[in-house]
file coords00.txt (compact mmCIF, C-alpha atoms)
# COMPACT_ATOMS: atom_id res chain seq x y z
CA MET A 80 0.00 0.00 0.00
CA GLY A 81 2.84 2.40 0.69
CA ARG A 82 2.77 5.41 2.96
CA LYS A 83 -0.27 7.67 3.05
CA PHE A 84 -0.10 11.38 2.51
CA ASN A 85 -2.54 14.26 2.59
CA ARG A 86 -1.73 16.39 -0.42
CA ALA A 87 -4.38 18.42 -2.23
CA MET A 88 -3.80 19.41 -5.83
CA PRO A 89 -3.10 23.14 -6.20
CA MET A 90 -5.66 24.91 -8.36
CA ALA A 91 -2.85 26.05 -10.66
CA VAL A 92 -2.12 22.40 -11.44
CA VAL A 93 -5.84 21.74 -11.98
CA ARG A 94 -6.02 24.54 -14.56
CA LYS A 95 -2.91 23.33 -16.37
CA ALA A 96 -4.23 19.76 -16.44
CA VAL A 97 -7.62 20.79 -17.79
CA ASP A 98 -6.06 23.05 -20.42
CA LEU A 99 -3.75 20.26 -21.54
CA ALA A 100 -6.67 17.83 -21.79
CA PHE A 101 -8.64 20.14 -24.07
CA GLU A 102 -5.58 20.92 -26.18
CA ARG A 103 -4.94 17.22 -26.80
CA SER A 104 -8.56 16.20 -27.32
CA ARG A 105 -9.37 14.97 -30.81
CA GLN A 106 -13.00 14.06 -30.18
CA GLY A 107 -14.40 17.45 -29.22
CA TYR A 108 -14.93 16.44 -25.60
CA VAL A 109 -12.95 15.78 -22.45
CA VAL A 110 -13.70 13.46 -19.53
CA VAL A 111 -12.52 14.94 -16.23
CA SER A 112 -12.18 12.31 -13.50
CA LEU A 113 -11.82 13.10 -9.81
CA PHE A 114 -10.00 10.48 -7.77
CA GLY A 115 -7.80 10.18 -4.71
CA GLY A 116 -7.58 9.21 -1.92
CA GLU A 117 -11.08 10.48 -1.38
CA PRO A 118 -11.79 13.41 -3.73
CA LEU A 119 -14.89 14.57 -1.83
CA LEU A 120 -12.64 15.55 1.08
CA GLU A 121 -11.55 18.51 -1.06
CA LEU A 122 -15.01 19.82 -1.89
CA ASP A 123 -14.00 23.44 -2.56
CA LEU A 124 -11.30 22.27 -4.94
CA ALA A 125 -13.68 19.85 -6.68
CA GLU A 126 -16.21 22.65 -7.23
CA GLN A 127 -13.52 24.95 -8.61
CA ALA A 128 -12.23 22.22 -10.91
CA VAL A 129 -15.71 21.57 -12.29
CA ALA A 130 -16.39 25.27 -12.79
CA TYR A 131 -13.07 25.79 -14.58
CA SER A 132 -13.65 22.75 -16.79
CA ARG A 133 -17.12 24.01 -17.71
CA ALA A 134 -15.75 27.45 -18.56
CA GLN A 135 -12.99 26.03 -20.74
CA ALA A 136 -15.42 23.75 -22.57
CA ALA A 137 -17.68 26.70 -23.32
CA ARG A 138 -14.78 28.86 -24.47
CA ARG A 139 -13.51 26.17 -26.82
CA GLY A 140 -16.89 25.02 -28.11
CA ALA A 141 -16.28 21.56 -26.67
CA ARG A 142 -18.05 19.24 -24.27
CA VAL A 143 -16.94 18.03 -20.87
CA HIS A 144 -18.11 15.02 -18.86
CA PHE A 145 -17.29 14.23 -15.24
CA THR A 146 -16.61 11.03 -13.34
CA ILE A 147 -15.65 10.43 -9.74
CA SER A 148 -14.36 7.49 -7.70
CA THR A 149 -15.44 7.71 -4.08
CA ASN A 150 -15.49 5.53 -1.00
CA GLY A 151 -19.01 6.77 -0.30
CA THR A 152 -18.40 7.97 3.24
CA LEU A 153 -18.98 11.67 2.48
CA LEU A 154 -22.23 12.64 0.80
CA ASP A 155 -23.96 15.61 2.39
CA GLU A 156 -26.40 17.83 0.49
CA ARG A 157 -23.72 20.06 -1.00
CA ARG A 158 -21.65 17.15 -2.29
CA LEU A 159 -24.68 15.39 -3.71
CA ARG A 160 -25.75 18.59 -5.45
CA LEU A 161 -22.34 18.90 -7.11
CA LEU A 162 -22.64 15.38 -8.52
CA VAL A 163 -26.24 15.76 -9.67
CA ASP A 164 -25.95 19.26 -11.13
CA HIS A 165 -22.98 18.25 -13.26
CA GLU A 166 -24.25 14.76 -14.15
CA PHE A 167 -21.28 12.87 -12.79
CA GLN A 168 -20.82 9.20 -13.48
CA VAL A 169 -20.18 7.86 -9.99
CA GLN A 170 -18.13 4.85 -8.98
CA VAL A 171 -18.59 3.84 -5.35
CA SER A 172 -16.30 1.46 -3.50
CA LEU A 173 -18.43 -0.92 -1.44
CA ASP A 174 -17.33 -4.52 -0.99
CA GLY A 175 -20.80 -5.97 -0.38
CA GLY A 176 -22.75 -6.40 2.84
CA ALA A 177 -21.42 -5.51 6.27
CA PRO A 178 -19.28 -8.68 6.68
CA ALA A 179 -17.52 -8.19 3.34
CA GLN A 180 -17.14 -4.42 3.71
CA ASP A 181 -15.87 -4.55 7.27
CA ALA A 182 -13.33 -7.27 6.53
CA SER A 183 -10.93 -4.57 5.30
CA ARG A 184 -12.77 -1.22 5.20
CA ARG A 185 -13.55 -0.25 8.77
CA PHE A 186 -13.08 3.31 9.90
CA ARG A 187 -9.79 4.12 11.60
CA ASN A 188 -11.43 3.80 15.02
CA GLY A 189 -12.58 0.27 14.16
CA ARG A 190 -16.21 1.21 13.62
CA SER A 191 -18.13 -0.40 10.74
CA SER A 192 -18.29 1.73 7.58
CA TYR A 193 -21.10 -0.25 5.99
CA ALA A 194 -24.08 1.68 7.37
CA VAL A 195 -22.70 5.05 6.25
CA VAL A 196 -21.67 3.92 2.77
CA SER A 197 -24.84 1.94 2.09
CA GLN A 198 -27.02 4.86 3.18
CA ASN A 199 -25.13 7.23 0.90
CA LEU A 200 -25.30 4.74 -1.95
CA ARG A 201 -29.08 4.68 -1.59
CA LYS A 202 -29.08 8.48 -1.95
CA LEU A 203 -27.10 8.19 -5.17
CA MET A 204 -29.32 5.42 -6.52
CA ALA A 205 -32.34 7.67 -5.98
CA THR A 206 -30.94 10.24 -8.44
CA ARG A 207 -30.77 10.09 -12.24
CA LEU A 208 -27.01 9.56 -12.14
CA ARG A 209 -25.31 6.49 -13.53
CA VAL A 210 -23.86 4.73 -10.50
CA ASN A 211 -21.72 1.61 -10.46
CA VAL A 212 -20.10 -0.18 -7.57
CA VAL A 213 -16.61 -1.62 -7.34
CA SER A 214 -16.31 -4.41 -4.78
CA VAL A 215 -12.78 -5.43 -3.89
CA VAL A 216 -12.37 -9.19 -3.53
CA ASP A 217 -9.87 -9.85 -0.79
CA PRO A 218 -8.73 -13.12 0.77
CA ALA A 219 -10.76 -12.06 3.83
CA ASN A 220 -14.08 -11.75 1.96
CA ALA A 221 -13.66 -13.98 -1.12
CA HIS A 222 -16.13 -16.53 0.25
CA LEU A 223 -18.86 -13.87 0.48
CA LEU A 224 -19.28 -13.02 -3.23
CA SER A 225 -22.85 -14.30 -3.48
CA ASP A 226 -23.89 -12.61 -0.23
CA SER A 227 -22.23 -9.41 -1.44
CA LEU A 228 -24.24 -9.48 -4.67
CA ASP A 229 -27.47 -9.94 -2.71
CA ALA A 230 -26.61 -7.02 -0.44
CA LEU A 231 -25.75 -4.71 -3.32
CA ALA A 232 -28.78 -5.70 -5.38
CA GLY A 233 -30.90 -5.00 -2.30
CA LEU A 234 -29.57 -1.44 -2.35
CA GLY A 235 -30.75 -1.05 -5.94
CA VAL A 236 -27.36 -1.45 -7.59
CA THR A 237 -27.52 -2.61 -11.22
CA GLU A 238 -23.80 -2.57 -12.10
CA VAL A 239 -21.22 -4.34 -9.92
CA HIS A 240 -17.57 -4.97 -10.66
CA PHE A 241 -15.85 -7.50 -8.43
CA SER A 242 -12.20 -6.44 -8.51
CA PRO A 243 -9.67 -8.84 -6.93
CA ASN A 244 -7.03 -7.43 -4.64
CA LEU A 245 -4.19 -8.87 -6.67
CA LEU A 246 -1.64 -7.97 -4.01
CA GLY A 247 -3.48 -9.95 -1.34
CA ALA A 248 -2.15 -13.06 0.38
CA TRP A 249 -3.67 -15.60 -2.02
CA ASP A 250 -2.42 -18.79 -0.41
CA ARG A 251 -4.02 -22.17 -1.11
CA GLN A 252 -6.81 -21.72 1.43
CA ALA A 253 -7.66 -18.24 0.15
CA CYS A 254 -7.72 -19.52 -3.44
CA GLU A 255 -10.08 -22.33 -2.43
CA ARG A 256 -12.39 -19.81 -0.75
CA PHE A 257 -12.33 -17.68 -3.88
CA GLU A 258 -13.19 -20.63 -6.13
CA ALA A 259 -16.08 -21.66 -3.88
CA GLY A 260 -17.30 -18.07 -3.60
CA LEU A 261 -17.13 -17.58 -7.37
CA ARG A 262 -19.15 -20.74 -7.95
CA GLU A 263 -21.80 -19.52 -5.51
CA LEU A 264 -21.83 -16.17 -7.29
CA GLY A 265 -22.45 -17.96 -10.59
CA ASP A 266 -25.28 -19.98 -9.06
CA ASN A 267 -26.76 -16.75 -7.69
CA LEU A 268 -26.72 -15.20 -11.16
CA LEU A 269 -28.30 -18.33 -12.64
CA ALA A 270 -31.16 -18.02 -10.19
CA ARG A 271 -31.55 -14.31 -10.92
CA PHE A 272 -31.70 -14.82 -14.68
CA ARG A 273 -34.17 -17.66 -14.23
CA GLY A 274 -36.30 -15.33 -12.16
CA GLY A 275 -36.14 -12.64 -14.84
CA ARG A 276 -33.86 -10.44 -12.76
CA ASP A 277 -31.02 -9.02 -14.80
CA LEU A 278 -28.02 -7.01 -13.64
CA ARG A 279 -24.49 -6.51 -14.86
CA VAL A 280 -21.85 -8.28 -12.79
CA ASP A 281 -18.28 -8.00 -13.99
CA PRO A 282 -15.88 -9.53 -14.76
CA LEU A 283 -18.41 -12.29 -15.57
CA SER A 284 -20.60 -10.17 -17.85
CA GLY A 285 -17.60 -8.90 -19.72
CA LYS A 286 -16.17 -12.40 -20.12
CA ILE A 287 -19.48 -13.58 -21.61
CA VAL A 288 -19.28 -10.78 -24.16
CA THR A 289 -15.70 -11.69 -25.08
CA ARG A 290 -16.89 -15.23 -25.78
CA LEU A 291 -19.59 -13.96 -28.13
CA ILE A 292 -17.36 -11.54 -30.04
CA HIS A 293 -14.23 -13.71 -29.88
CA GLY A 294 -12.08 -11.45 -27.77
CA VAL A 295 -11.75 -7.95 -26.37
CA ARG A 296 -12.25 -5.18 -28.89
CA PRO A 297 -9.34 -2.71 -28.94
CA SER A 298 -11.85 0.14 -28.64
CA VAL A 299 -12.87 -0.91 -25.12
CA ARG A 300 -9.37 -1.47 -23.80
CA CYS A 301 -7.87 1.12 -21.49
CA GLY A 302 -6.29 4.19 -23.05
CA PHE A 303 -3.17 3.82 -20.89
CA GLY A 304 -1.00 6.86 -21.65
CA SER A 305 -2.74 7.61 -24.93
CA GLU A 306 -6.41 8.54 -24.61
CA GLU A 307 -6.20 8.28 -20.84
CA TRP A 308 -3.75 9.85 -18.41
CA ALA A 309 -3.71 11.16 -14.87
CA VAL A 310 -2.11 14.07 -13.02
CA ALA A 311 -0.67 13.92 -9.51
CA PRO A 312 -0.83 16.92 -7.13
CA SER A 313 2.81 17.60 -7.99
CA GLY A 314 1.85 18.12 -11.64
CA ARG A 315 3.50 14.92 -12.87
CA ILE A 316 1.55 13.12 -15.60
CA TYR A 317 1.08 9.36 -15.36
CA PRO A 318 -0.43 6.97 -17.89
CA CYS A 319 -3.31 5.98 -15.57
CA ASP A 320 -4.79 7.03 -12.23
CA ARG A 321 -3.86 3.67 -10.70
CA VAL A 322 -0.21 4.32 -11.55
CA VAL A 323 -0.07 7.62 -9.64
CA GLY A 324 0.15 5.77 -6.33
CA GLN A 325 2.31 7.74 -3.92
CA ASP A 326 3.69 9.85 -6.79
CA ASP A 327 7.13 8.43 -6.11
CA SER A 328 7.76 6.56 -9.38
CA PRO A 329 9.23 9.16 -11.74
CA GLU A 330 10.23 6.38 -14.13
CA LEU A 331 6.51 5.92 -14.85
CA SER A 332 5.83 9.62 -15.36
CA ILE A 333 5.15 10.66 -18.96
CA GLY A 334 5.42 14.40 -18.52
CA GLU A 335 4.54 17.40 -16.40
CA VAL A 336 1.54 19.70 -16.83
CA ARG A 337 3.69 22.82 -16.94
CA THR A 338 5.90 21.54 -19.76
CA GLY A 339 3.68 18.94 -21.46
CA PHE A 340 4.21 15.33 -22.40
CA ASP A 341 7.57 13.62 -22.65
CA GLU A 342 6.67 11.87 -25.89
CA PRO A 343 9.74 9.59 -26.14
CA ARG A 344 9.21 8.34 -22.57
CA ARG A 345 5.49 7.83 -23.18
CA ASP A 346 6.13 5.95 -26.42
CA ALA A 347 8.67 3.73 -24.68
CA LEU A 348 6.21 2.86 -21.91
CA LEU A 349 3.47 2.11 -24.44
CA ALA A 350 5.84 -0.13 -26.38
CA SER A 351 6.74 -2.02 -23.20
CA LYS A 352 3.06 -2.41 -22.31
CA ALA A 353 2.32 -3.84 -25.75
CA GLU A 354 4.90 -6.59 -25.39
CA VAL A 355 3.14 -9.92 -25.07
CA ASP A 356 4.43 -12.53 -22.67
CA PRO A 357 5.12 -15.73 -24.68
CA GLU A 358 2.93 -17.67 -22.25
CA CYS A 359 0.07 -15.23 -22.79
CA ALA A 360 0.50 -15.38 -26.54
CA ALA A 361 0.23 -19.18 -26.50
CA CYS A 362 -2.74 -19.28 -24.09
CA GLU A 363 -6.13 -20.32 -25.44
CA HIS A 364 -7.71 -17.52 -23.40
CA SER A 365 -5.37 -14.79 -24.58
CA ALA A 366 -8.01 -12.92 -26.60
CA ARG A 367 -10.40 -12.84 -23.61
CA CYS A 368 -7.88 -12.05 -20.88
CA SER A 369 -7.01 -8.57 -19.58
CA HIS A 370 -3.26 -9.16 -19.70
CA TRP A 371 -3.03 -6.08 -21.95
CA CYS A 372 -3.90 -3.72 -19.06
CA GLY A 373 -0.82 -1.72 -18.10
CA CYS A 374 -2.05 -1.19 -14.54
CA HIS A 375 -2.56 -4.91 -14.02
CA GLN A 376 0.88 -5.57 -15.44
CA LEU A 377 2.59 -3.13 -13.10
CA GLU A 378 0.50 -4.06 -10.09
CA THR A 379 0.99 -7.81 -10.37
CA SER A 380 4.46 -8.26 -11.84
CA GLY A 381 6.15 -4.92 -11.24
CA ARG A 382 6.86 -4.42 -14.94
CA LEU A 383 5.07 -3.63 -18.16
CA GLY A 384 4.35 -6.43 -20.59
CA ARG A 385 4.00 -9.17 -17.94
CA VAL A 386 1.33 -10.30 -15.49
CA SER A 387 1.68 -12.49 -12.43
CA PRO A 388 0.63 -16.16 -12.09
CA THR A 389 -2.06 -15.07 -9.61
CA PHE A 390 -3.57 -12.72 -12.17
CA CYS A 391 -3.49 -15.44 -14.82
CA TRP A 392 -5.15 -17.93 -12.48
CA MET A 393 -7.95 -15.53 -11.55
CA GLU A 394 -8.63 -14.61 -15.16
CA ARG A 395 -8.97 -18.32 -15.99
CA ARG A 396 -11.40 -18.79 -13.11
CA PHE A 397 -13.56 -15.86 -14.21
CA ILE A 398 -13.60 -17.11 -17.81
CA ALA A 399 -14.52 -20.64 -16.76
CA GLU A 400 -17.38 -19.45 -14.54
CA ALA A 401 -18.66 -17.05 -17.19
CA ASP A 402 -18.70 -19.89 -19.73
CA ARG A 403 -20.59 -22.17 -17.33
CA LEU A 404 -23.16 -19.45 -16.74
CA ALA A 405 -23.56 -18.59 -20.42
CA SER A 406 -23.73 -22.20 -21.64
CA THR A 407 -26.38 -23.12 -19.06
CA LEU A 408 -28.63 -20.13 -19.75
CA PHE A 409 -28.25 -20.37 -23.53
CA ALA A 410 -29.21 -24.05 -23.45
CA GLU A 411 -32.30 -23.07 -21.45
CA SER A 412 -33.14 -20.26 -23.92
CA ASN A 413 -33.41 -18.02 -20.89
CA PRO A 414 -35.29 -14.86 -21.97
CA ALA A 415 -33.47 -12.45 -19.62
CA PHE A 416 -30.09 -13.81 -20.70
CA LEU A 417 -30.98 -13.63 -24.40
CA ARG A 418 -32.26 -10.07 -24.03
CA ARG A 419 -28.99 -8.94 -22.47
CA TYR A 420 -26.57 -10.72 -24.78
CA TYR A 421 -28.57 -11.40 -27.96
CA LEU A 422 -30.92 -8.40 -28.09
CA ALA A 423 -30.26 -7.63 -31.75
CA GLU A 424 -31.11 -11.19 -32.76
CA ILE A 425 -34.32 -11.20 -30.71
CA GLU A 426 -35.51 -7.86 -32.11
CA SER A 427 -34.89 -9.02 -35.69
CA GLU A 428 -37.14 -12.07 -35.35

call {"tool": "encode", "arguments": {"input": "coords00.txt", "output": "structure tokens"}}
result
Amino acid sequence: MGRKFNRAMPMAVVRKAVDLAFERSRQGYVVVSLFGGEPLLELDLAEQAVAYSRAQAARRGARVHFTISTNGTLLDERRLRLLVDHEFQVQVSLDGGAPAQDASRRFRNGRSSYAVVSQNLRKLMATRLRVNVVSVVDPANAHLLSDSLDALAGLGVTEVHFSPNLLGAWDRQACERFEAGLRELGDNLLARFRGGRDLRVDPLSGKIVTRLIHGVRPSVRCGFGSEEWAVAPSGRIYPCDRVVGQDDSPELSIGEVRTGFDEPRRDALLASKAEVDPECAACEHSARCSHWCGCHQLETSGRLGRVSPTFCWMERRFIAEADRLASTLFAESNPAFLRRYYLAEIESE
């Protein structure tokens, strides 16, 4: 995890970052993402950043969209108004019900964070905003995947992404708990589809799509360092928000907002990311695996172009469970399943 620090981004850096984003945009719009730490801690700064981005979009005849990643612990009326007024896409970190959430996300004083986050999530779900939830799968809560889905669905959530903590202590017992939990999650989804209840649960939903279209389309892969980049409070530019970390890896920086991009360094990092591990290239699941993600590469192996055995194993488990789910529901001609994944075919009949 590294050391923690409390460092707000100076507004001068915000302005430079926004200006640079508009200058480099080729689509006529910019997506401004607020992340941290917890970005809602710096509410005044967030409001100023949104206002400046709006003003620059208007001046340039462009569009701007906003996203935010939040732990959901801070959502008073003023913060909620900011998100609603500017139509943010909101990603909330909530690991499931109280047992899953509190396994690794208690407040510093040891108190449960579930009640606060779930209550705030309900507020968000009651708005017109698009809200999705990221649930971290840790060795401590891997056996609770099905219960977590039930808890989140009970809050009205329609999009859940179960994201493994790839740096966790995945020993044999933890891996067995994960496999059992994943199977229960698949059975839960089978029951939901059979009952006509449909929701998006990734990575399983995404893996089903990759089976149907024979791989991951380049257009939906991350824009690591190309279409996507992130700025640290210092002003350093990184290829992705997950790479910023403690802002102590200058070898991964691809520029500085005051001087612009270091194109040779960026190109070198992109070339390293694009290298394919010989084992990945030979794997039957290569086209459906996320080994191409630069953040996953760095997080799991410490270098670009390679992923760890743990990452590989988990991707195989997700693919296998997605295929079991899809094959079963397709054989049953399940209407909810066919509507989600074969809508075009159904409408053409």

call {"tool": "axis_aligned_box", "arguments": {"input": "coords00.txt", "around": "region 390-394 of chain A", "padding_each_side": "6 Å", "output": "JSON"}}
result
{"center_x": -6.1, "center_y": -15.3, "center_z": -13.4, "size_x": 17.1, "size_y": 17.2, "size_z": 15.6}

call {"tool": "closest_residue", "arguments": {"input": "coords00.txt", "among": "A:Glu400, A:Glu306, A:Asp226, A:Asp123", "to": "Gly176 (chain A)", "atoms": "all atoms listed in the file"}}
result
A:Asp226

call {"tool": "residues_around", "arguments": {"input": "coords00.txt", "residues": "region 313-326 of chain A", "least_positions_apart": "3", "cutoff": "7 Å", "atoms": "all atoms listed in the file", "output": "PyMOL selection string"}}
result
chain A and resi 92+303-304+307-310+331-336+374

call {"tool": "atom_distance", "arguments": {"input": "coords00.txt", "atom1": "CA of Leu99 (chain A)", "atom2": "CA of Thr338 (chain A)"}}
result
9.9 Å

call {"tool": "closest_residue", "arguments": {"input": "coords00.txt", "among": "A:Val169, A:Leu224, A:Leu234, A:Cys368", "to": "Ile287 (chain A)", "atoms": "all atoms listed in the file"}}
result
A:Cys368

call {"tool": "closest_residue", "arguments": {"input": "coords00.txt", "among": "A:Pro357, A:Pro343, A:Gly116, A:Pro312", "to": "Pro89 (chain A)", "atoms": "all atoms listed in the file"}}
result
A:Pro312

call {"tool": "atom_distance", "arguments": {"input": "coords00.txt", "atom1": "CA of Asp341 (chain A)", "atom2": "CA of Ser112 (chain A)"}}
result
21.8 Å

call {"tool": "closest_residue", "arguments": {"input": "coords00.txt", "among": "A:Phe390, A:Phe272, A:Tyr131, A:Phe397", "to": "Glu411 (chain A)", "atoms": "all atoms listed in the file"}}
result
A:Phe272

call {"tool": "closest_atom_pairs", "arguments": {"input": "coords00.txt", "of": "region 147-193 of chain A", "to": "region 227-230 of chain A", "cutoff": "10 Å", "atoms": "all atoms listed in the file", "output": "CSV"}}
result
residue,atom,partner,partner_atom,distance
A:Leu173,CA,A:Ser227,CA,9.3
A:Asp174,CA,A:Ser227,CA,6.9
A:Gly175,CA,A:Ser227,CA,3.9
A:Gly176,CA,A:Ala230,CA,5.1
A:Ala177,CA,A:Ala230,CA,8.6
A:Pro178,CA,A:Ser227,CA,8.7
A:Ala179,CA,A:Ser227,CA,6.8
A:Gln180,CA,A:Ser227,CA,8.8

call {"tool": "write_last_selection", "arguments": {"input": "coords00.txt", "atoms": "C-alpha atoms", "output": "PDB file, in the coordinates of the input"}}
result
ATOM      1  CA  LEU A 173     -18.430  -0.920  -1.440  1.00  0.00           C
ATOM      2  CA  ASP A 174     -17.330  -4.520  -0.990  1.00  0.00           C
ATOM      3  CA  GLY A 175     -20.800  -5.970  -0.380  1.00  0.00           C
ATOM      4  CA  GLY A 176     -22.750  -6.400   2.840  1.00  0.00           C
ATOM      5  CA  ALA A 177     -21.420  -5.510   6.270  1.00  0.00           C
ATOM      6  CA  PRO A 178     -19.280  -8.680   6.680  1.00  0.00           C
ATOM      7  CA  ALA A 179     -17.520  -8.190   3.340  1.00  0.00           C
ATOM      8  CA  GLN A 180     -17.140  -4.420   3.710  1.00  0.00           C
TER       9      GLN A 180
END

call {"tool": "residues_around", "arguments": {"input": "coords00.txt", "residues": "region 249-256 of chain A", "least_positions_apart": "4", "cutoff": "9 Å", "atoms": "all atoms listed in the file", "output": "list in words"}}
result
Asp217, Pro218, Ala219, Asn220, Ala221, His222, Leu223, Leu245, Gly260, Leu261 and Thr389 of chain A

call {"tool": "write_last_selection", "arguments": {"input": "coords00.txt", "atoms": "C-alpha atoms", "output": "compact mmCIF listing (two decimals), in the frame of the given file"}}
result
# COMPACT_ATOMS: atom_id res chain seq x y z
CA ASP A 217 -9.87 -9.85 -0.79
CA PRO A 218 -8.73 -13.12 0.77
CA ALA A 219 -10.76 -12.06 3.83
CA ASN A 220 -14.08 -11.75 1.96
CA ALA A 221 -13.66 -13.98 -1.12
CA HIS A 222 -16.13 -16.53 0.25
CA LEU A 223 -18.86 -13.87 0.48
CA LEU A 245 -4.19 -8.87 -6.67
CA GLY A 260 -17.30 -18.07 -3.60
CA LEU A 261 -17.13 -17.58 -7.37
CA THR A 389 -2.06 -15.07 -9.61

call {"tool": "atom_distance", "arguments": {"input": "coords00.txt", "atom1": "CA of Val239 (chain A)", "atom2": "CA of Val212 (chain A)"}}
result
4.9 Å

call {"tool": "closest_residue", "arguments": {"input": "coords00.txt", "among": "A:Thr237, A:Gln106, A:Ser225, A:Asn199", "to": "Glu258 (chain A)", "atoms": "all atoms listed in the file"}}
result
A:Ser225

call {"tool": "decode", "arguments": {"input": "coords00.txt", "residues": "region 381-403 of chain A", "atoms": "C-alpha atoms", "output": "tab-separated table (two decimals), in the first residue's frame"}}
result
chain	number	residue	atom	x	y	z
A	381	GLY	CA	6.15	-4.92	-11.24
A	382	ARG	CA	6.86	-4.42	-14.94
A	383	LEU	CA	5.07	-3.63	-18.16
A	384	GLY	CA	4.35	-6.43	-20.59
A	385	ARG	CA	4.00	-9.17	-17.94
A	386	VAL	CA	1.33	-10.30	-15.49
A	387	SER	CA	1.68	-12.49	-12.43
A	388	PRO	CA	0.63	-16.16	-12.09
A	389	THR	CA	-2.06	-15.07	-9.61
A	390	PHE	CA	-3.57	-12.72	-12.17
A	391	CYS	CA	-3.49	-15.44	-14.82
A	392	TRP	CA	-5.15	-17.93	-12.48
A	393	MET	CA	-7.95	-15.53	-11.55
A	394	GLU	CA	-8.63	-14.61	-15.16
A	395	ARG	CA	-8.97	-18.32	-15.99
A	396	ARG	CA	-11.40	-18.79	-13.11
A	397	PHE	CA	-13.56	-15.86	-14.21
A	398	ILE	CA	-13.60	-17.11	-17.81
A	399	ALA	CA	-14.52	-20.64	-16.76
A	400	GLU	CA	-17.38	-19.45	-14.54
A	401	ALA	CA	-18.66	-17.05	-17.19
A	402	ASP	CA	-18.70	-19.89	-19.73
A	403	ARG	CA	-20.59	-22.17	-17.33
